[in-house]
Amino acid sequence: MFRRNKLFFWTAEILLLTLILYLWREMGAIVTPFVMVANTIMIPFLLGGFFYYLTNPIVTFLEKKCKINRLIGVLITLCALIGTIVVGVVYLLPILINQLTSLIISSQNIYSRLQDLIYDLSMNPIFQNIDIQKTIQQLNLSYVDILQNILNSVSNSLGSVLSALFSTVLILIMTPVFLIYFLLDGHKFLPMLERTVLKHDKLNFSSLLKNLNATVARYISGIAIDAVIIGCLAYVGYSIIGLRYALVFAIFSGIANLIPYVGPSIGLIPMIIANVFTDPHRALIAVIYMLIIQQVDGNILYPRIVGGVMKVHPITILVLLLLSSNIYGVIGMIVAVPTYSILKKLLSSWRNYMKIIKKPKKKNKKNQNQSKNQGDLIFLIKRLEVRLVKSV
C-alpha cells in the first residue's frame, strides 16, 4: 500500500536527503579534509566531462561523416575551442573588465542612494520613534569600513587565498588533460566493459549505460545551448533597454541558467541590486523582459532543446541543490540533477533485477495437467498388466 503511494514515496525521499544534509553539516570537521582532496580531482574531472559532451559530437561528425581520423578530429576540435576562447578573451574580456570596474566604482553610488532611502524613511511619521541614524552608526556600516573589513579578512586568510589560487591553476591545467583523454578514449570505455565486466550481462546493463550516456549527452549539450541563447537574449534586451554593464549581467544570467529550477531567478539578482536604487524604472522593465524570456524558454525553447530527459520532482531538485552547493558550489549545483537521475536509474534497474532473481518460477498449469494425466494413464496400464498376469 505504502509503496504505491506517491506522497509517501516523495516524503521519504525528501526526509532521507534532509537527513544526509544534516549529517553532512554535523560531520563537517571530519569530512572537510576529504572533500578538499576530492575537489582537487573531481572538479577538473567534471569540467572535463562537461566539455567532452559538448565537443564529442563535433569529433564524431568529423570521424564518421568527413572520414577524418579521430586523433586529427580531436586536434581540430581543440584548436576550434581554443580559438573561440582566445577570440572571447581578446574582444570580450576588455569590455568585461571595464564594465566590472565601473560596476565596482558605481557601487559607492548604490550605497549613498541606500543611505538617502534610509534617511527618507527616518523622516516618515511611521518610523519617527525609531532612531535609524543612531542604529546605523552603532552597526558601523560605512562604505570605507565595509571595504576595510573585507581587506582585513583577505589579509588574515592569505594562506587560504594562496591555496585557492593553487587549486584554480591546477584545475586549469587538469581540465584540458581530462578532456583530451575523454575525447581520445571515451568511446572505447563501454566496448571494453562489454568484453570484460559485462561479458555475461544478464541484467542488460550495457544497453542501460548506452541510454544513460545518450541522455546525459543530450542534457548537457541542451542546457549549454539554452544558456547561450538566454545569455544572448539577455544582452540584446539589456542593451536595448539601456542598462549599464549589460554584458556582465547577461553572462551571469547565461551561467546561472545552467542551474536547474532556480538558476533563472538567481541570474536576475545582480542586475536588480545594481539598478534598483540608481535606475528603478529600467530595472523594472528589465525584470519584466527577463520574466517573459523565462516563460518563453520554459514553455517553448527548453522542452524542444533539452526535453524531459531528467524527470525529477521540484522539491527533490531544491534539496539536491542545497546539498550540492555545500559540497561543490556552483559546479555541484549544475551536475546534481543529472547525477541523481543516473544513480536513480541504476538503482531502479538493480532493484528490478533482484526482483526477477528472487521471484519463484511458476510452472505452467497446462504442463502440470498433462503430466498428471500421463501419470494416471501409466498407473492404469500397470494395474491392467497385473490383472492379466493373475488371470494367466
# chains A, B, ... in the order shown; residues from 1 in each chain; ligands from 1
$ closest_atom_pairs --of "segment 280-338 of chain A" --to "segment 253-271 of chain A" --cutoff "9 Å" --atoms "only C-alpha atoms" --output "CSV"
residue,atom,partner,partner_atom,distance
A:Ala283,CA,A:Met271,CA,7.4
A:Ala286,CA,A:Met271,CA,8.6
A:Val287,CA,A:Leu268,CA,7.3
A:Met290,CA,A:Leu268,CA,8.0
A:Leu291,CA,A:Pro264,CA,8.9
A:Gln294,CA,A:Pro264,CA,7.1
A:Pro314,CA,A:Tyr261,CA,7.5
A:Ile317,CA,A:Tyr261,CA,7.5
A:Leu318,CA,A:Tyr261,CA,8.0
A:Leu321,CA,A:Ile259,CA,8.6
A:Val330,CA,A:Ile259,CA,8.0
A:Ile331,CA,A:Ile259,CA,8.9
A:Met333,CA,A:Ile259,CA,6.0
A:Ile334,CA,A:Ile259,CA,5.0
A:Val335,CA,A:Ile259,CA,8.5
A:Val337,CA,A:Pro260,CA,7.8
$ write_last_selection --atoms "N, CA and C atoms" --output "compact mmCIF listing (two decimals), in the first residue's frame"
# COMPACT_ATOMS: atom_id res chain seq x y z
N ALA A 283 15.25 49.08 -14.36
CA ALA A 283 15.38 47.79 -13.68
C ALA A 283 14.07 47.02 -13.73
N ALA A 286 13.56 45.71 -17.21
CA ALA A 286 14.45 44.58 -17.46
C ALA A 286 13.94 43.32 -16.78
N VAL A 287 13.40 43.45 -15.56
CA VAL A 287 12.85 42.29 -14.85
C VAL A 287 11.66 41.72 -15.61
N MET A 290 12.94 39.90 -18.71
CA MET A 290 13.55 38.60 -18.42
C MET A 290 12.51 37.58 -17.96
N LEU A 291 11.46 38.03 -17.28
CA LEU A 291 10.39 37.11 -16.91
C LEU A 291 9.67 36.56 -18.15
N GLN A 294 11.98 34.06 -19.71
CA GLN A 294 11.96 32.81 -18.94
C GLN A 294 10.72 31.98 -19.26
N PRO A 314 10.32 18.82 -8.30
CA PRO A 314 10.90 20.12 -7.94
C PRO A 314 11.43 20.19 -6.51
N ILE A 317 14.69 18.57 -6.39
CA ILE A 317 15.70 19.42 -7.02
C ILE A 317 16.23 20.45 -6.03
N LEU A 318 15.33 21.07 -5.26
CA LEU A 318 15.74 22.08 -4.29
C LEU A 318 16.66 21.47 -3.22
N LEU A 321 20.02 20.77 -4.72
CA LEU A 321 20.80 22.00 -4.90
C LEU A 321 21.41 22.45 -3.57
N VAL A 330 28.93 25.99 -7.18
CA VAL A 330 28.14 26.17 -8.40
C VAL A 330 28.23 24.94 -9.30
N ILE A 331 29.43 24.35 -9.40
CA ILE A 331 29.59 23.16 -10.24
C ILE A 331 28.72 22.03 -9.71
N MET A 333 25.91 22.34 -8.10
CA MET A 333 24.52 22.65 -8.42
C MET A 333 24.18 22.31 -9.87
N ILE A 334 25.16 22.44 -10.76
CA ILE A 334 24.92 22.15 -12.17
C ILE A 334 24.82 20.65 -12.42
N VAL A 335 25.69 19.86 -11.75
CA VAL A 335 25.74 18.42 -12.03
C VAL A 335 24.87 17.60 -11.08
N VAL A 337 21.52 17.36 -10.51
CA VAL A 337 20.32 16.72 -11.06
C VAL A 337 20.65 15.57 -12.01
$ closest_residue --among "A:Lys188, A:Arg304, A:Arg351, A:Lys64" --to "Tyr219 of chain A" --atoms "only C-alpha atoms"
A:Arg304
$ residues_around --residues "Leu212 of chain A" --least-positions-apart "5" --cutoff "10 Å" --atoms "only C-alpha atoms" --output "ChimeraX atom specification"
/A:206-207,217-218,309,338,341-342,345-346
$ write_last_selection --atoms "C-alpha atoms" --output "mmCIF file, in the first residue's frame"
data_model
loop_
_atom_site.group_PDB
_atom_site.id
_atom_site.type_symbol
_atom_site.label_atom_id
_atom_site.label_comp_id
_atom_site.auth_asym_id
_atom_site.auth_seq_id
_atom_site.Cartn_x
_atom_site.Cartn_y
_atom_site.Cartn_z
ATOM 1 C CA SER A 206 25.270 -2.339 -21.316
ATOM 2 C CA SER A 207 22.109 -1.073 -23.045
ATOM 3 C CA ALA A 217 24.905 13.946 -23.669
ATOM 4 C CA ARG A 218 21.577 15.401 -24.746
ATOM 5 C CA VAL A 309 15.294 13.687 -20.144
ATOM 6 C CA PRO A 338 21.884 14.588 -13.834
ATOM 7 C CA SER A 341 18.913 10.858 -12.209
ATOM 8 C CA ILE A 342 21.678 8.472 -13.294
ATOM 9 C CA LYS A 345 18.015 4.747 -12.885
ATOM 10 C CA LEU A 346 20.896 2.458 -11.910
#
$ closest_residue --among "A:Phe249, A:Phe277, A:Phe61, A:Phe205" --to "Leu233 of chain A" --atoms "only C-alpha atoms"
A:Phe249
$ select_by_dssp --residues "segment 195-369 of chain A" --states "helix (DSSP H, G or I)" --output "VMD selection string"
chain A and resid 195 205 to 241 246 to 256 263 to 275 280 to 305 314 to 358 365 to 369
$ closest_residue --among "A:Leu100, A:Ile180, A:Ile68, A:Leu190" --to "Phe252 of chain A" --atoms "only C-alpha atoms"
A:Leu100
$ closest_atom_pairs --of "segment 41-100 of chain A" --to "segment 221-226 of chain A" --cutoff "10 Å" --atoms "only C-alpha atoms" --output "JSON lines"
{"residue": "A:Phe50", "atom": "CA", "partner": "A:Ser221", "partner_atom": "CA", "distance": 8.6}
{"residue": "A:Phe51", "atom": "CA", "partner": "A:Ser221", "partner_atom": "CA", "distance": 9.2}
{"residue": "A:Tyr52", "atom": "CA", "partner": "A:Ser221", "partner_atom": "CA", "distance": 9.8}
{"residue": "A:Tyr53", "atom": "CA", "partner": "A:Ser221", "partner_atom": "CA", "distance": 6.6}
{"residue": "A:Leu54", "atom": "CA", "partner": "A:Ser221", "partner_atom": "CA", "distance": 5.5}
{"residue": "A:Thr55", "atom": "CA", "partner": "A:Ser221", "partner_atom": "CA", "distance": 9.0}
{"residue": "A:Pro57", "atom": "CA", "partner": "A:Ser221", "partner_atom": "CA", "distance": 9.4}
$ write_last_selection --atoms "C-alpha atoms" --output "PDB file, in the first residue's frame"
ATOM      1  CA  PHE A  50      31.128  18.667 -19.369  1.00  0.00           C
ATOM      2  CA  PHE A  51      33.341  19.889 -22.231  1.00  0.00           C
ATOM      3  CA  TYR A  52      33.598  16.313 -23.541  1.00  0.00           C
ATOM      4  CA  TYR A  53      29.843  16.090 -24.060  1.00  0.00           C
ATOM      5  CA  LEU A  54      29.916  19.488 -25.769  1.00  0.00           C
ATOM      6  CA  THR A  55      32.766  18.687 -28.160  1.00  0.00           C
ATOM      7  CA  PRO A  57      29.506  15.381 -31.292  1.00  0.00           C
TER       8      PRO A  57
END
$ atom_distance --atom1 "atom CA of Leu103 of chain A" --atom2 "atom CA of Asn275 of chain A"
10.4 Å
$ residues_around --residues "Arg70 of chain A" --least-positions-apart "6" --cutoff "8 Å" --atoms "only C-alpha atoms" --output "PyMOL selection string"
chain A and resi 59-60+62-63+184
$ decode --residues "segment 250-266 of chain A" --atoms "N, CA and C atoms" --output "mmCIF file, in the first residue's frame"
data_model
loop_
_atom_site.group_PDB
_atom_site.id
_atom_site.type_symbol
_atom_site.label_atom_id
_atom_site.label_comp_id
_atom_site.auth_asym_id
_atom_site.auth_seq_id
_atom_site.Cartn_x
_atom_site.Cartn_y
_atom_site.Cartn_z
ATOM 1 N N ALA A 250 24.399 39.854 -18.510
ATOM 2 C CA ALA A 250 23.969 38.827 -19.473
ATOM 3 C C ALA A 250 24.776 37.543 -19.300
ATOM 4 N N ILE A 251 26.089 37.682 -19.123
ATOM 5 C CA ILE A 251 26.933 36.497 -18.904
ATOM 6 C C ILE A 251 26.534 35.795 -17.618
ATOM 7 N N PHE A 252 26.280 36.565 -16.575
ATOM 8 C CA PHE A 252 25.857 35.957 -15.314
ATOM 9 C C PHE A 252 24.514 35.242 -15.471
ATOM 10 N N SER A 253 23.594 35.829 -16.216
ATOM 11 C CA SER A 253 22.292 35.181 -16.445
ATOM 12 C C SER A 253 22.444 33.880 -17.210
ATOM 13 N N GLY A 254 23.328 33.882 -18.226
ATOM 14 C CA GLY A 254 23.550 32.665 -19.002
ATOM 15 C C GLY A 254 24.150 31.550 -18.163
ATOM 16 N N ILE A 255 25.165 31.883 -17.337
ATOM 17 C CA ILE A 255 25.786 30.869 -16.482
ATOM 18 C C ILE A 255 24.800 30.370 -15.431
ATOM 19 N N ALA A 256 24.044 31.285 -14.830
ATOM 20 C CA ALA A 256 23.068 30.881 -13.813
ATOM 21 C C ALA A 256 21.972 30.007 -14.403
ATOM 22 N N ASN A 257 21.690 30.164 -15.696
ATOM 23 C CA ASN A 257 20.651 29.364 -16.344
ATOM 24 C C ASN A 257 21.030 27.882 -16.416
ATOM 25 N N LEU A 258 22.316 27.562 -16.234
ATOM 26 C CA LEU A 258 22.747 26.169 -16.181
ATOM 27 C C LEU A 258 22.234 25.458 -14.936
ATOM 28 N N ILE A 259 21.945 26.242 -13.888
ATOM 29 C CA ILE A 259 21.424 25.667 -12.640
ATOM 30 C C ILE A 259 19.933 25.420 -12.818
ATOM 31 N N PRO A 260 19.473 24.192 -12.636
ATOM 32 C CA PRO A 260 18.054 23.913 -12.897
ATOM 33 C C PRO A 260 17.145 24.550 -11.859
ATOM 34 N N TYR A 261 15.971 24.932 -12.316
ATOM 35 C CA TYR A 261 14.837 25.357 -11.487
ATOM 36 C C TYR A 261 15.003 26.755 -10.880
ATOM 37 N N VAL A 262 16.131 27.021 -10.191
ATOM 38 C CA VAL A 262 16.304 28.319 -9.520
ATOM 39 C C VAL A 262 17.316 29.206 -10.238
ATOM 40 N N GLY A 263 18.016 28.664 -11.260
ATOM 41 C CA GLY A 263 19.051 29.427 -11.938
ATOM 42 C C GLY A 263 18.574 30.720 -12.568
ATOM 43 N N PRO A 264 17.455 30.710 -13.333
ATOM 44 C CA PRO A 264 16.992 31.962 -13.941
ATOM 45 C C PRO A 264 16.703 33.066 -12.926
ATOM 46 N N SER A 265 16.177 32.700 -11.766
ATOM 47 C CA SER A 265 15.914 33.712 -10.727
ATOM 48 C C SER A 265 17.215 34.243 -10.135
ATOM 49 N N ILE A 266 18.191 33.351 -9.924
ATOM 50 C CA ILE A 266 19.491 33.783 -9.405
ATOM 51 C C ILE A 266 20.166 34.744 -10.382
#
